[in-house]
Amino acid sequence: MASTSEMVKKLDLQPHPEGGFYSETFRDGSVTLSTSQLPPEYKVSRAVSTAIYFLLPSGSVSHLHRIPCAETWHFYLGEPLTVLELNEKDGKVKLTKLGSDLIGDNQQLQYTVPPNVWFGAFPSNDYIVSSDGSITKTPARDSERHYSLVGCTCAPAFQFEDFELATPSYLISLFPNHQSLISLLTITA
């Protein structure tokens, strides 16, 4: 398998504000959706859909954020990746593991995060998450050799104007039993 540096170069990936690396591979501009055609949480007009490559090396995380559109994650290669969702509307916390071990570890090749839900991700092999929400870090691994490569498709299209990074204090007040996961996946000011 190629190294992280080789993948970043081959796929022309750039650092993402939420963590990891990305490259937009498709923006469907066949139709432009105006803000008047969209729910009020959409701040700007946009294309119908977008797709990106997203690479998350071992030792890094995708920080908790939310967007107003649905985002479908597609597992491509590398190690499994865990997506954490925190849903303010129903108070649910969900962990979904993406990967190629569909039978043994019940991993999924594809998963959609609903609109307006806080979500982030981490390399599954970097942490052990217990049933009570506490986390244990596994021994450090070489980030050049251990990574997850996924694709993310948003519909309607992703726009950075709608992208909102979470603050730890806000989410911990809503989900106090999951402080460990929230602290791991947020940036402290």
# chains A, B, ... in the order shown; residues from 1 in each chain; ligands from 1
$ residues_around --residues "Val83 (chain A)" --least-positions-apart "3" --cutoff "9 Å" --atoms "only C-alpha atoms" --output "VMD selection string"
chain A and resid 62 94 to 98 113 119 to 124
$ write_last_selection --atoms "N, CA and C atoms" --output "compact mmCIF listing (two decimals), in the first residue's frame"
# COMPACT_ATOMS: atom_id res chain seq x y z
N SER A 62 -10.74 13.81 12.48
CA SER A 62 -11.63 14.75 11.81
C SER A 62 -12.46 15.38 12.93
N LYS A 94 -23.88 8.09 18.25
CA LYS A 94 -23.73 6.90 17.41
C LYS A 94 -22.30 6.81 16.89
N LEU A 95 -21.74 5.60 16.96
CA LEU A 95 -20.43 5.29 16.38
C LEU A 95 -20.64 4.31 15.24
N THR A 96 -20.11 4.63 14.07
CA THR A 96 -20.22 3.77 12.90
C THR A 96 -18.82 3.52 12.36
N LYS A 97 -18.47 2.25 12.19
CA LYS A 97 -17.14 1.90 11.70
C LYS A 97 -17.20 1.60 10.20
N LEU A 98 -16.40 2.37 9.45
CA LEU A 98 -16.26 2.15 8.01
C LEU A 98 -15.02 1.31 7.77
N VAL A 113 -24.32 10.36 7.02
CA VAL A 113 -24.58 11.19 8.20
C VAL A 113 -25.71 12.14 7.82
N PHE A 119 -20.69 15.74 13.70
CA PHE A 119 -19.97 14.50 13.42
C PHE A 119 -18.49 14.76 13.21
N GLY A 120 -17.73 13.72 13.46
CA GLY A 120 -16.29 13.73 13.27
C GLY A 120 -15.85 12.28 13.12
N ALA A 121 -14.56 12.06 12.99
CA ALA A 121 -14.08 10.70 12.77
C ALA A 121 -12.67 10.53 13.31
N PHE A 122 -12.31 9.27 13.55
CA PHE A 122 -10.96 8.95 13.99
C PHE A 122 -10.58 7.58 13.46
N PRO A 123 -9.28 7.33 13.28
CA PRO A 123 -8.85 6.00 12.86
C PRO A 123 -9.24 4.98 13.94
N SER A 124 -10.00 3.98 13.58
CA SER A 124 -10.53 3.01 14.54
C SER A 124 -9.45 2.31 15.33
$ residues_around --residues "Pro176 (chain A)" --least-positions-apart "5" --cutoff "12 Å" --atoms "only C-alpha atoms" --output "list in words"
Leu86, Gly91, Val93, Asp132, Gly133, Ser134, Pro168, Ser169, Tyr170, Leu171, Leu181, Ile182 and Ser183 of chain A
$ closest_residue --among "A:Ala140, A:Leu81, A:Val117, A:Val31" --to "Gly59 (chain A)" --atoms "only C-alpha atoms"
A:Ala140
$ residues_around --residues "region 46-55 of chain A" --least-positions-apart "5" --cutoff "6 Å" --atoms "only C-alpha atoms" --output "PyMOL selection string"
chain A and resi 20-29+32-33+148-157
$ atom_distance --atom1 "CA of Pro114 (chain A)" --atom2 "CA of Ile67 (chain A)"
9.2 Å
$ select_by_dssp --residues "chain A" --states "strand (DSSP E)" --output "PyMOL selection string"
chain A and resi 14-15+21-33+46-57+62-66+70-78+81-86+93-98+110-113+118-123+127-129+135-137+147-155+164-165
$ closest_residue --among "A:Phe158, A:Asn106, A:Ser100, A:His146" --to "Glu71 (chain A)" --atoms "only C-alpha atoms"
A:Phe158
$ atom_distance --atom1 "CA of Ser34 (chain A)" --atom2 "CA of Trp73 (chain A)"
25.2 Å
$ atom_distance --atom1 "CA of Trp118 (chain A)" --atom2 "CA of Leu84 (chain A)"
8.2 Å
$ select_by_dssp --residues "region 16-136 of chain A" --states "helix (DSSP H, G or I)" --output "PyMOL selection string"
chain A and resi 35-37+124-126
$ write_last_selection --atoms "C-alpha atoms" --output "PDB file, in the first residue's frame"
ATOM      1  CA  THR A  35     -31.007  29.943  -1.046  1.00  0.00           C
ATOM      2  CA  SER A  36     -34.721  30.540  -1.701  1.00  0.00           C
ATOM      3  CA  GLN A  37     -35.002  26.891  -2.806  1.00  0.00           C
ATOM      4  CA  SER A 124     -10.533   3.008  14.536  1.00  0.00           C
ATOM      5  CA  ASN A 125      -7.219   1.338  15.388  1.00  0.00           C
ATOM      6  CA  ASP A 126      -5.973   4.432  17.281  1.00  0.00           C
TER       7      ASP A 126
END
$ closest_residue --among "A:Phe160, A:Pro115, A:Thr82, A:Thr188" --to "Ser45 (chain A)" --atoms "only C-alpha atoms"
A:Phe160
$ residues_around --residues "Leu109 (chain A)" --least-positions-apart "5" --cutoff "6 Å" --atoms "only C-alpha atoms" --output "MDAnalysis selection string"
chainID A and resid 74:75 98:99
$ closest_residue --among "A:Pro57, A:Cys69, A:Ser5, A:Ile128" --to "Leu38 (chain A)" --atoms "only C-alpha atoms"
A:Cys69
